[in-house]
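Printed here is coords_8.cif (mmCIF, C-alpha atoms):
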data_start
loop_
_atom_site.label_atom_id
_atom_site.label_comp_id
_atom_site.auth_asym_id
_atom_site.auth_seq_id
_atom_site.Cartn_x
_atom_site.Cartn_y
_atom_site.Cartn_z
CA MET A 1 0.00 0.00 0.00
CA ASN A 2 0.97 3.64 -0.46
CA ILE A 3 0.78 5.06 3.07
CA LEU A 4 0.98 8.71 4.10
CA VAL A 5 2.45 9.22 7.60
CA VAL A 6 1.65 12.62 9.13
CA ASP A 7 3.57 13.55 12.33
CA ASP A 8 5.46 16.65 13.43
CA LEU A 9 8.22 14.67 15.19
CA PRO A 10 10.95 13.41 12.81
CA GLU A 11 11.77 10.39 14.98
CA ASN A 12 8.09 9.25 14.88
CA ARG A 13 7.96 9.64 11.12
CA LEU A 14 11.20 7.70 10.56
CA LEU A 15 10.19 4.93 12.96
CA LEU A 16 6.88 4.39 11.18
CA LYS A 17 8.60 4.58 7.81
CA ARG A 18 11.05 1.79 8.70
CA MET A 19 8.32 -0.38 10.23
CA LEU A 20 6.04 -0.04 7.22
CA GLN A 21 8.74 -0.46 4.60
CA LYS A 22 9.78 -3.74 6.22
CA LYS A 23 6.23 -4.93 5.59
CA GLY A 24 6.54 -4.00 1.93
CA HIS A 25 4.58 -0.73 1.94
CA GLN A 26 5.53 2.52 0.24
CA VAL A 27 5.68 5.47 2.63
CA ILE A 28 5.16 9.23 2.15
CA LEU A 29 6.03 11.62 4.98
CA ALA A 30 4.39 14.89 6.04
CA GLU A 31 5.21 16.96 9.11
CA ASN A 32 1.87 18.76 9.51
CA GLY A 33 -1.73 18.82 8.33
CA GLN A 34 -1.08 21.38 5.59
CA GLN A 35 1.56 19.20 3.95
CA SER A 36 -0.74 16.19 4.21
CA LEU A 37 -3.41 17.98 2.15
CA GLN A 38 -0.97 18.66 -0.67
CA LEU A 39 0.41 15.10 -0.64
CA CYS A 40 -3.12 13.61 -0.64
CA GLN A 41 -3.78 15.41 -3.92
CA GLN A 42 -0.35 14.76 -5.48
CA GLU A 43 0.38 11.19 -4.37
CA ALA A 44 -3.14 9.70 -3.93
CA PRO A 45 -2.20 7.53 -0.92
CA ASP A 46 -4.19 4.41 -0.04
CA LEU A 47 -4.05 5.11 3.71
CA VAL A 48 -3.30 8.06 6.00
CA LEU A 49 -1.80 7.70 9.53
CA MET A 50 -2.67 11.08 11.06
CA ASP A 51 -1.19 12.57 14.25
CA ILE A 52 -3.46 15.09 16.02
CA MET A 53 -1.27 17.68 17.77
CA MET A 54 0.83 19.39 15.07
CA PRO A 55 1.84 22.97 14.19
CA VAL A 56 0.61 24.93 11.14
CA MET A 57 -2.49 22.70 10.84
CA ASN A 58 -3.52 20.01 13.31
CA GLY A 59 -4.80 16.59 12.39
CA ILE A 60 -8.47 17.29 13.07
CA GLU A 61 -8.57 20.25 10.67
CA ALA A 62 -6.69 18.23 8.04
CA ILE A 63 -9.11 15.30 8.33
CA LYS A 64 -12.11 17.59 7.81
CA ILE A 65 -10.59 19.13 4.68
CA ILE A 66 -9.54 15.76 3.27
CA ARG A 67 -13.06 14.42 3.72
CA GLY A 68 -14.49 17.48 1.98
CA GLU A 69 -12.08 17.37 -0.97
CA ILE A 70 -11.67 13.65 -1.68
CA THR A 71 -15.16 12.39 -2.45
CA ASP A 72 -14.60 10.15 -5.49
CA ARG A 73 -13.05 7.31 -3.46
CA TRP A 74 -12.67 6.08 0.08
CA LEU A 75 -9.39 7.19 1.65
CA PRO A 76 -9.05 5.46 5.04
CA ILE A 77 -7.61 7.61 7.84
CA ILE A 78 -6.26 6.24 11.12
CA VAL A 79 -5.77 8.67 13.98
CA VAL A 80 -2.50 8.12 15.86
CA SER A 81 -2.63 9.47 19.41
CA ALA A 82 -1.38 8.79 22.93
CA LEU A 83 -3.68 6.84 25.23
CA SER A 84 -4.04 9.92 27.45
CA ASP A 85 -5.46 11.97 24.54
CA GLU A 86 -8.89 10.35 24.49
CA GLN A 87 -10.64 13.62 23.59
CA ASN A 88 -8.40 14.05 20.54
CA VAL A 89 -9.26 10.56 19.37
CA VAL A 90 -13.00 11.27 19.70
CA GLN A 91 -12.64 14.57 17.82
CA GLY A 92 -10.64 12.85 15.10
CA LEU A 93 -13.28 10.16 14.61
CA GLU A 94 -16.03 12.79 14.58
CA ALA A 95 -14.06 14.74 11.96
CA GLY A 96 -14.08 11.72 9.65
CA ALA A 97 -11.32 9.34 10.68
CA ASP A 98 -12.08 5.64 10.31
CA ASP A 99 -10.04 4.19 13.17
CA TYR A 100 -7.43 5.06 15.78
CA LEU A 101 -4.11 3.69 16.99
CA SER A 102 -2.52 4.50 20.32
CA LYS A 103 1.13 5.44 20.89
CA PRO A 104 3.53 3.76 21.25
CA ILE A 105 2.47 1.94 18.10
CA ASN A 106 2.19 -1.85 18.16
CA ILE A 107 3.32 -2.94 14.71
CA LYS A 108 1.27 -6.18 14.84
CA ILE A 109 -1.92 -4.24 15.55
CA LEU A 110 -1.04 -1.70 12.87
CA GLU A 111 -0.42 -4.43 10.30
CA ALA A 112 -3.68 -6.16 11.24
CA LYS A 113 -5.56 -2.88 10.70
CA ILE A 114 -3.80 -2.37 7.37
CA GLN A 115 -4.78 -5.87 6.23
CA ALA A 116 -8.39 -5.21 7.21
CA ILE A 117 -8.30 -1.96 5.22
CA GLN A 118 -6.79 -3.77 2.23
CA ARG A 119 -9.66 -6.27 2.27
CA THR A 120 -12.16 -3.42 2.38
CA LEU A 121 -10.39 -1.57 -0.45
CA SER A 122 -10.37 -4.75 -2.51
CA LEU A 123 -14.12 -5.13 -2.01
CA GLN A 124 -14.54 -1.46 -2.89
CA ASP A 125 -12.58 -1.94 -6.13
CA LYS A 126 -14.80 -4.90 -7.04
CA PHE A 127 -17.88 -2.85 -6.21
CA PHE A 128 -16.77 0.03 -8.44
CA GLU A 129 -15.85 -2.41 -11.20
CA ASN A 130 -19.29 -4.01 -10.99
CA GLN A 131 -20.90 -0.58 -10.86
CA GLN A 132 -19.07 0.48 -14.02
CA THR A 133 -20.06 -2.77 -15.72
CA LEU A 134 -23.70 -2.17 -14.78
CA GLN A 135 -23.47 1.42 -16.00
CA ARG A 136 -22.05 0.29 -19.34
CA TYR A 137 -24.77 -2.34 -19.59
CA HIS A 138 -27.41 0.27 -18.73
CA GLN A 139 -26.10 2.67 -21.37
CA GLN A 140 -25.98 -0.10 -23.98
CA ASN A 141 -29.47 -1.26 -23.00
CA GLU A 142 -30.78 2.31 -23.26
CA GLN A 143 -29.28 2.67 -26.74
CA GLU A 144 -30.76 -0.64 -27.86
CA LEU A 145 -34.18 0.23 -26.43
CA GLU A 146 -34.12 3.61 -28.14
CA PHE A 147 -33.16 1.90 -31.40
CA ALA A 148 -36.00 -0.60 -30.95
CA LYS A 149 -38.40 2.24 -30.13
CA ASN A 150 -37.53 4.02 -33.38
CA ILE A 151 -38.13 0.82 -35.34
CA PHE A 152 -41.48 0.31 -33.60
CA GLU A 153 -42.53 3.85 -34.39
CA LYS A 154 -41.67 3.42 -38.07
CA ILE A 155 -43.41 0.04 -38.31
CA LEU A 156 -46.54 1.24 -36.53
CA ALA A 157 -46.60 4.69 -38.15
CA GLN A 158 -49.06 3.74 -40.88
CA ASN A 159 -52.09 3.35 -38.69
CA ASN A 160 -54.32 5.97 -40.36
CA LEU A 161 -55.41 7.61 -37.11
CA GLN A 162 -55.99 11.02 -38.65
CA ASP A 163 -59.66 10.54 -39.40
CA SER A 164 -62.66 12.76 -38.70
CA GLN A 165 -64.76 9.79 -37.52
CA ILE A 166 -62.45 8.71 -34.72
CA ASP A 167 -60.76 10.04 -31.60
CA PHE A 168 -58.25 8.17 -29.44
CA TRP A 169 -55.75 8.29 -26.59
CA ILE A 170 -52.89 5.99 -25.56
CA LYS A 171 -50.88 6.30 -22.34
CA PRO A 172 -48.06 3.72 -22.18
CA SER A 173 -47.02 2.49 -18.73
CA LYS A 174 -43.42 2.25 -19.98
CA ARG A 175 -41.40 3.27 -23.02
CA PHE A 176 -43.20 0.65 -25.11
CA SER A 177 -46.94 0.18 -25.13
CA GLY A 178 -48.75 -3.14 -25.21
CA ASP A 179 -51.89 -1.26 -26.27
CA TYR A 180 -52.33 -0.57 -29.96
CA ILE A 181 -54.89 1.39 -31.96
CA SER A 182 -55.24 1.47 -35.71
CA THR A 183 -57.75 2.31 -38.43
CA LYS A 184 -57.92 1.89 -42.19
CA ARG A 185 -60.05 4.21 -44.32
CA MET A 186 -61.23 2.62 -47.57
CA ASP A 187 -63.48 5.40 -48.86
CA ASP A 188 -65.79 8.06 -47.46
CA ASP A 189 -68.17 5.45 -46.08
CA LYS A 190 -65.95 2.50 -45.14
CA LEU A 191 -63.66 2.38 -42.14
CA TYR A 192 -61.86 -0.46 -40.38
CA PHE A 193 -60.91 0.15 -36.75
CA MET A 194 -59.17 -1.81 -34.00
CA LEU A 195 -58.02 -1.56 -30.39
CA ALA A 196 -55.65 -4.25 -29.06
CA ASP A 197 -54.30 -4.90 -25.57
CA SER A 198 -51.32 -7.26 -25.34
CA THR A 199 -50.53 -9.01 -22.05
CA GLY A 200 -47.71 -7.65 -19.91
CA HIS A 201 -45.82 -4.38 -20.03
CA GLY A 202 -42.97 -2.83 -21.95
CA LEU A 203 -41.14 -4.39 -24.88
CA ALA A 204 -42.46 -7.93 -24.28
CA ALA A 205 -46.03 -6.64 -24.52
CA ALA A 206 -45.32 -4.41 -27.52
CA LEU A 207 -43.77 -7.10 -29.74
CA PRO A 208 -47.06 -8.95 -30.48
CA THR A 209 -48.62 -5.66 -31.61
CA ILE A 210 -46.30 -5.71 -34.64
CA ILE A 211 -47.97 -8.93 -35.77
CA VAL A 212 -51.40 -7.46 -35.12
CA HIS A 213 -50.48 -4.29 -37.01
CA GLN A 214 -49.09 -6.09 -40.05
CA VAL A 215 -52.04 -8.45 -40.43
CA PHE A 216 -54.62 -5.71 -39.86
CA GLN A 217 -53.07 -3.26 -42.32
CA ALA A 218 -52.42 -5.85 -45.04
CA MET A 219 -55.82 -7.54 -44.92
CA SER A 220 -57.92 -4.40 -44.44
CA ALA A 221 -56.19 -2.89 -47.47
CA LYS A 222 -57.56 -5.86 -49.43
CA GLN A 223 -61.00 -5.26 -47.85
CA GLN A 224 -61.07 -8.67 -46.20
CA THR A 225 -63.92 -9.38 -43.78
CA VAL A 226 -63.55 -8.73 -40.07
CA SER A 227 -63.88 -12.47 -39.46
CA ALA A 228 -61.03 -13.25 -41.84
CA ILE A 229 -58.77 -10.60 -40.30
CA VAL A 230 -59.26 -11.69 -36.69
CA ARG A 231 -58.82 -15.33 -37.66
CA GLU A 232 -55.49 -14.57 -39.31
CA ILE A 233 -54.38 -12.42 -36.34
CA ASN A 234 -55.19 -15.33 -34.02
CA ARG A 235 -53.37 -17.82 -36.24
CA ARG A 236 -50.23 -15.68 -36.43
CA LEU A 237 -50.17 -14.92 -32.71
CA LYS A 238 -50.72 -18.58 -31.84
CA GLN A 239 -47.89 -19.52 -34.19
CA ASP A 240 -45.35 -16.80 -33.38
CA ILE A 241 -45.60 -15.75 -29.72
CA PRO A 242 -44.75 -17.83 -26.62
CA VAL A 243 -47.39 -19.74 -24.70
CA GLY A 244 -48.96 -17.59 -22.00
CA HIS A 245 -48.92 -14.44 -24.13
CA PHE A 246 -52.07 -13.29 -25.92
CA VAL A 247 -53.83 -10.18 -27.16
CA ALA A 248 -57.28 -8.90 -26.29
CA LEU A 249 -58.75 -6.92 -29.14
CA ALA A 250 -61.86 -5.48 -30.67
CA LEU A 251 -61.89 -5.17 -34.44
CA GLY A 252 -64.71 -3.60 -36.41
CA TYR A 253 -65.84 -2.35 -39.80
CA LEU A 254 -68.03 0.72 -40.15
CA ASP A 255 -70.29 1.13 -43.17
CA ALA A 256 -71.19 4.78 -42.69
CA ALA A 257 -73.63 4.81 -45.60
CA ASN A 258 -75.88 2.49 -43.63
CA ASN A 259 -74.52 3.34 -40.14
CA GLN A 260 -73.85 -0.35 -39.73
CA ILE A 261 -70.98 -1.91 -37.78
CA GLU A 262 -69.59 -5.42 -37.96
CA LEU A 263 -67.64 -6.12 -34.76
CA TRP A 264 -65.54 -8.86 -33.13
CA ASN A 265 -64.60 -8.44 -29.45
CA GLY A 266 -62.21 -10.91 -27.83
CA GLY A 267 -61.26 -10.14 -24.25
CA LEU A 268 -61.73 -6.37 -24.10
CA PRO A 269 -64.15 -4.76 -21.62
CA PRO A 270 -67.74 -4.17 -22.85
CA LEU A 271 -67.84 -1.55 -25.58
CA ILE A 272 -69.94 1.54 -24.79
CA MET A 273 -72.47 2.85 -27.26
CA ARG A 274 -73.51 6.41 -26.42
CA HIS A 275 -76.60 7.67 -28.21
CA GLU A 276 -77.45 11.26 -29.09
CA SER A 277 -79.70 11.41 -26.02
CA GLN A 278 -76.63 10.51 -23.89
CA GLU A 279 -78.18 7.11 -23.23
CA ILE A 280 -75.55 4.40 -22.56
CA ASP A 281 -75.72 0.90 -24.07
CA LEU A 282 -73.41 -1.78 -22.59
CA SER A 283 -74.63 -4.78 -24.56
CA LEU A 284 -71.42 -5.15 -26.61
CA SER A 285 -69.54 -7.46 -24.25
CA SER A 286 -66.74 -9.79 -25.27
CA LYS A 287 -68.05 -13.10 -26.62
CA HIS A 288 -64.67 -14.59 -27.50
CA LEU A 289 -61.33 -15.54 -25.97
CA PHE A 290 -58.19 -13.52 -26.53
CA CYS A 291 -56.33 -13.89 -29.80
CA GLY A 292 -53.36 -16.24 -29.66
CA VAL A 293 -54.93 -18.78 -27.30
CA LEU A 294 -56.95 -21.17 -29.47
CA ASN A 295 -55.94 -23.25 -32.46
CA ASP A 296 -57.46 -22.27 -35.79
CA GLU A 297 -59.97 -25.13 -35.61
CA GLU A 298 -61.21 -23.98 -32.19
CA PHE A 299 -61.25 -20.27 -32.96
CA ASP A 300 -64.64 -18.56 -33.33
CA ASP A 301 -64.62 -15.62 -35.73
CA THR A 302 -68.36 -14.89 -35.47
CA CYS A 303 -69.05 -11.16 -35.50
CA ASP A 304 -71.87 -9.00 -34.18
CA VAL A 305 -73.61 -6.77 -36.68
CA PHE A 306 -75.55 -3.77 -35.41
CA THR A 307 -76.62 -0.27 -36.28
CA LEU A 308 -74.73 2.78 -35.01
CA PRO A 309 -77.46 5.44 -34.94
CA LYS A 310 -76.80 8.94 -36.20
CA ASN A 311 -74.97 11.26 -33.79
CA SER A 312 -73.87 8.37 -31.59
CA GLU A 313 -70.48 7.14 -30.48
CA LEU A 314 -68.87 3.73 -30.00
CA PHE A 315 -66.34 3.83 -27.15
CA LEU A 316 -63.63 1.12 -26.96
CA TYR A 317 -61.06 0.93 -24.17
CA SER A 318 -58.48 -1.34 -22.55
CA ASP A 319 -58.88 -2.48 -18.96
CA GLY A 320 -55.89 -0.35 -18.01
CA LEU A 321 -58.28 2.61 -18.03
CA THR A 322 -60.66 1.33 -15.36
CA ASP A 323 -57.77 -0.29 -13.45
CA ALA A 324 -55.82 2.98 -13.12
CA VAL A 325 -54.88 3.39 -9.45
CA ASP A 326 -54.72 6.55 -7.35
CA SER A 327 -52.48 7.30 -4.34
CA VAL A 328 -54.67 5.36 -1.91
CA GLY A 329 -55.04 2.32 -4.17
CA ASP A 330 -58.55 3.00 -5.49
CA PHE A 331 -59.34 2.06 -9.09
CA PHE A 332 -60.72 4.56 -11.57
CA GLY A 333 -63.53 2.07 -12.12
CA GLU A 334 -66.28 1.42 -14.63
CA LYS A 335 -68.86 3.56 -12.81
CA LYS A 336 -66.71 6.69 -13.10
CA LEU A 337 -66.00 5.92 -16.72
CA MET A 338 -69.72 5.56 -17.53
CA ASP A 339 -70.50 8.78 -15.74
CA ILE A 340 -67.88 10.75 -17.69
CA VAL A 341 -68.81 9.27 -21.06
CA GLY A 342 -72.53 9.76 -20.39
CA ARG A 343 -72.17 13.45 -19.46
CA ALA A 344 -69.64 14.40 -22.14
CA GLU A 345 -70.51 16.88 -24.86
CA PRO A 346 -70.43 15.47 -28.42
CA LYS A 347 -66.91 14.40 -29.42
CA GLN A 348 -65.49 15.27 -25.98
CA SER A 349 -65.42 11.82 -24.37
CA VAL A 350 -61.72 11.19 -24.97
CA ASN A 351 -60.67 14.64 -23.76
CA ASN A 352 -62.73 14.28 -20.60
CA ILE A 353 -61.42 10.79 -19.89
CA ARG A 354 -57.82 11.90 -20.42
CA ASP A 355 -58.26 14.81 -18.00
CA ALA A 356 -59.95 12.62 -15.38
CA ILE A 357 -57.32 9.87 -15.59
CA THR A 358 -54.48 12.40 -15.38
CA GLN A 359 -55.96 13.80 -12.16
CA HIS A 360 -56.73 10.35 -10.74
CA ILE A 361 -53.60 8.39 -11.45
CA ASP A 362 -50.72 8.04 -8.98
CA PRO A 363 -47.44 8.42 -10.94
CA ASN A 364 -45.52 6.62 -8.19
CA GLN A 365 -47.44 3.36 -8.66
CA GLU A 366 -46.97 0.97 -11.55
CA GLN A 367 -49.89 1.27 -13.93
CA ASP A 368 -51.11 -0.70 -16.91
CA ASP A 369 -51.10 0.72 -20.43
CA ILE A 370 -54.19 2.86 -20.99
CA SER A 371 -55.97 3.34 -24.30
CA CYS A 372 -59.37 4.31 -25.66
CA LEU A 373 -60.86 4.77 -29.11
CA VAL A 374 -64.11 6.44 -30.11
CA VAL A 375 -65.81 5.84 -33.47
CA TYR A 376 -68.39 8.44 -34.46
CA SER A 377 -71.42 7.74 -36.64
CA ALA A 378 -72.10 9.93 -39.65
#
Take the structure in the file and give it back as structure tokens.
Amino acid sequence: MNILVVDDLPENRLLLKRMLQKKGHQVILAENGQQSLQLCQQEAPDLVLMDIMMPVMNGIEAIKIIRGEITDRWLPIIVVSALSDEQNVVQGLEAGADDYLSKPINIKILEAKIQAIQRTLSLQDKFFENQQTLQRYHQQNEQELEFAKNIFEKILAQNNLQDSQIDFWIKPSKRFSGDYISTKRMDDDKLYFMLADSTGHGLAAALPTIIVHQVFQAMSAKQQTVSAIVREINRRLKQDIPVGHFVALALGYLDAANNQIELWNGGLPPLIMRHESQEIDLSLSSKHLFCGVLNDEEFDDTCDVFTLPKNSELFLYSDGLTDAVDSVGDFFGEKKLMDIVGRAEPKQSVNNIRDAITQHIDPNQEQDDISCLVVYSA
């Protein structure tokens, strides 16, 4: 070790120097606290043996300054003092010293303390090495996640959400969202729409939405039926994602010329139909299992067909909305959702829900992804 010995008496300094050099240590000598400060900066010792009573600057003042200046590493300091100077020892420890040694110095005790310090320094070096490794891993992970996020955004960019007949909101719980919303406009009267909620959170939940997106966009562009689209989404998810992962989704087709909707709901909460009179209809409950669970032979692609009256709204949402938790652990709940949707002015449901959730939610608690989609009749 590189040891700094601080003592105003030359004979004490030389005695400690000989004792420590015999044990294989390198020794630096200072005759007062002021010199010790300079040598701590210049020589970066591994250990300081600090006398207390010295001219120019005493040991207690030096210890305080060393502790204030050297903050990037642990520099152990042992106070060296006579047995009769108990108060000096206490003051030295309060100033920041780590241990003390009484005069006359017992070399066996000193060497035992040095070995203990070496073990601690070795553990400290391993800790810093592990910390740097974790920091490098974190930085690399952040770069990879940001790269993945950019790819996701490009893949999912073509979701045709700029449409006068829809309104939507997505609030991811993490950087990646397992909730996904998309539409496909065919002409002035024909609109495909979908809200999906993948199990889990973060990247693992977001990955299945790429499959959902690709199938939905490709097959709706060819004006395939809702039944055919959901069947293919189920087949692909069943084939490509691990067991235990699945996607709840509602997929529909609006024929605005006839105000008719064809709809498949698998695992999402009941869809809300809000009429012009602000009357709420909750009859559109899920009749199917999540996509990605059943084999193709077991899968039921039967759709509901119903009329969406003029000046009415179809409200779709993921269960993360009603499960949003406040600071005392209370859920946002279906009752509050119905109340807000029922009282909202035309085309204001999403804005009102977003404001209410923002006020309700506790940012310090882990939340699920939140999403909602409103389809307006002509």
Need the shell around Glu262 (chain A): protein/DNA/RNA residues with any atom at most 8 Å away, counting only C-alpha atoms. Skip same-chain ones fewer than 6 positions apart. Format as a PDB file with C-alpha atoms, in the coordinates of the input?
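New file selection34.pdb:
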ATOM      1  CA  VAL A 226     -63.550  -8.730 -40.070  1.00  0.00           C
ATOM      2  CA  GLY A 252     -64.710  -3.600 -36.410  1.00  0.00           C
ATOM      3  CA  TYR A 253     -65.840  -2.350 -39.800  1.00  0.00           C
ATOM      4  CA  LEU A 254     -68.030   0.720 -40.150  1.00  0.00           C
ATOM      5  CA  CYS A 303     -69.050 -11.160 -35.500  1.00  0.00           C
ATOM      6  CA  ASP A 304     -71.870  -9.000 -34.180  1.00  0.00           C
ATOM      7  CA  VAL A 305     -73.610  -6.770 -36.680  1.00  0.00           C
ATOM      8  CA  PHE A 306     -75.550  -3.770 -35.410  1.00  0.00           C
TER       9      PHE A 306
END
Starting from the shown file, work through the PyMOL selection byres ((chain A and resi 104) around 10) and note down what comes out as a CSV table (one decimal) with C-alpha atoms, in the coordinates of the input.
chain,number,residue,atom,x,y,z
A,12,ASN,CA,8.1,9.2,14.9
A,80,VAL,CA,-2.5,8.1,15.9
A,81,SER,CA,-2.6,9.5,19.4
A,82,ALA,CA,-1.4,8.8,22.9
A,83,LEU,CA,-3.7,6.8,25.2
A,101,LEU,CA,-4.1,3.7,17.0
A,102,SER,CA,-2.5,4.5,20.3
A,103,LYS,CA,1.1,5.4,20.9
A,105,ILE,CA,2.5,1.9,18.1
A,106,ASN,CA,2.2,-1.8,18.2
A,107,ILE,CA,3.3,-2.9,14.7
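Note that the spacing between CA of Arg343 (chain A) and CA of Ser286 (chain A) amounts to 24.6 Å.
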Expand the PyMOL selection byres ((chain A and resi 291) around 9) into the explicit residue set it covers here, and present it as a list in words.
Val230, Arg231, Ile233, Asn234, Arg235, Leu237, Lys238, Phe246, Val247, Ala248, Leu249, Gly266, Gly267, His288, Leu289, Phe290, Gly292, Val293, Leu294 and Phe299 of chain A
Using only C-alpha atoms, list the residues that have an atom at most 7 Å from (-63.8, -17.0, -39.4), coordinates as in the file, as an mmCIF file with C-alpha atoms, in the coordinates of the input.
data_model
loop_
_atom_site.group_PDB
_atom_site.id
_atom_site.type_symbol
_atom_site.label_atom_id
_atom_site.label_comp_id
_atom_site.auth_asym_id
_atom_site.auth_seq_id
_atom_site.Cartn_x
_atom_site.Cartn_y
_atom_site.Cartn_z
ATOM 1 C CA SER A 227 -63.880 -12.470 -39.460
ATOM 2 C CA ALA A 228 -61.030 -13.250 -41.840
ATOM 3 C CA ARG A 231 -58.820 -15.330 -37.660
ATOM 4 C CA ASP A 300 -64.640 -18.560 -33.330
ATOM 5 C CA ASP A 301 -64.620 -15.620 -35.730
ATOM 6 C CA THR A 302 -68.360 -14.890 -35.470
#
Residue contacts of region 66-76 of chain A (9 Å, all atoms listed in the file) excluding same-chain residues fewer than 2 positions away, as a ChimeraX atom specification
/A:36-37,40-41,44-49,61-64,78,95-99,117,121,124
For CA of Pro55 (chain A) and CA of Lys23 (chain A), determine how far apart the two atoms are, in Å to one decimal place.
29.5 Å
Would you fill the gaps in region 194-207 of chain A so it has N, CA and C atoms, then print it as a PDB file, in the frame of the given file?
ATOM      1  N   MET A 194     -59.594  -0.750 -34.911  1.00  0.00           N
ATOM      2  CA  MET A 194     -59.170  -1.810 -34.000  1.00  0.00           C
ATOM      3  C   MET A 194     -58.490  -1.216 -32.772  1.00  0.00           C
ATOM      4  N   LEU A 195     -58.759  -1.834 -31.622  1.00  0.00           N
ATOM      5  CA  LEU A 195     -58.020  -1.560 -30.390  1.00  0.00           C
ATOM      6  C   LEU A 195     -57.552  -2.890 -29.838  1.00  0.00           C
ATOM      7  N   ALA A 196     -56.231  -3.001 -29.563  1.00  0.00           N
ATOM      8  CA  ALA A 196     -55.650  -4.250 -29.060  1.00  0.00           C
ATOM      9  C   ALA A 196     -54.918  -3.990 -27.752  1.00  0.00           C
ATOM     10  N   ASP A 197     -54.944  -4.987 -26.886  1.00  0.00           N
ATOM     11  CA  ASP A 197     -54.300  -4.900 -25.570  1.00  0.00           C
ATOM     12  C   ASP A 197     -53.520  -6.189 -25.345  1.00  0.00           C
ATOM     13  N   SER A 198     -52.181  -6.104 -25.494  1.00  0.00           N
ATOM     14  CA  SER A 198     -51.320  -7.260 -25.340  1.00  0.00           C
ATOM     15  C   SER A 198     -50.972  -7.476 -23.866  1.00  0.00           C
ATOM     16  N   THR A 199     -50.836  -8.718 -23.453  1.00  0.00           N
ATOM     17  CA  THR A 199     -50.530  -9.010 -22.050  1.00  0.00           C
ATOM     18  C   THR A 199     -49.136  -8.502 -21.678  1.00  0.00           C
ATOM     19  N   GLY A 200     -48.998  -8.085 -20.418  1.00  0.00           N
ATOM     20  CA  GLY A 200     -47.710  -7.650 -19.910  1.00  0.00           C
ATOM     21  C   GLY A 200     -47.471  -6.168 -20.104  1.00  0.00           C
ATOM     22  N   HIS A 201     -46.202  -5.781 -19.913  1.00  0.00           N
ATOM     23  CA  HIS A 201     -45.820  -4.380 -20.030  1.00  0.00           C
ATOM     24  C   HIS A 201     -44.508  -4.277 -20.813  1.00  0.00           C
ATOM     25  N   GLY A 202     -44.255  -3.099 -21.319  1.00  0.00           N
ATOM     26  CA  GLY A 202     -42.970  -2.830 -21.950  1.00  0.00           C
ATOM     27  C   GLY A 202     -42.785  -3.533 -23.276  1.00  0.00           C
ATOM     28  N   LEU A 203     -41.501  -3.823 -23.583  1.00  0.00           N
ATOM     29  CA  LEU A 203     -41.140  -4.390 -24.880  1.00  0.00           C
ATOM     30  C   LEU A 203     -41.807  -5.736 -25.129  1.00  0.00           C
ATOM     31  N   ALA A 204     -41.858  -6.603 -24.102  1.00  0.00           N
ATOM     32  CA  ALA A 204     -42.460  -7.930 -24.280  1.00  0.00           C
ATOM     33  C   ALA A 204     -43.921  -7.839 -24.678  1.00  0.00           C
ATOM     34  N   ALA A 205     -44.626  -6.823 -24.151  1.00  0.00           N
ATOM     35  CA  ALA A 205     -46.030  -6.640 -24.520  1.00  0.00           C
ATOM     36  C   ALA A 205     -46.170  -5.988 -25.886  1.00  0.00           C
ATOM     37  N   ALA A 206     -45.214  -5.151 -26.254  1.00  0.00           N
ATOM     38  CA  ALA A 206     -45.320  -4.410 -27.520  1.00  0.00           C
ATOM     39  C   ALA A 206     -45.036  -5.291 -28.733  1.00  0.00           C
ATOM     40  N   LEU A 207     -44.163  -6.292 -28.577  1.00  0.00           N
ATOM     41  CA  LEU A 207     -43.770  -7.100 -29.740  1.00  0.00           C
ATOM     42  C   LEU A 207     -44.951  -7.749 -30.462  1.00  0.00           C
TER      43      LEU A 207
END
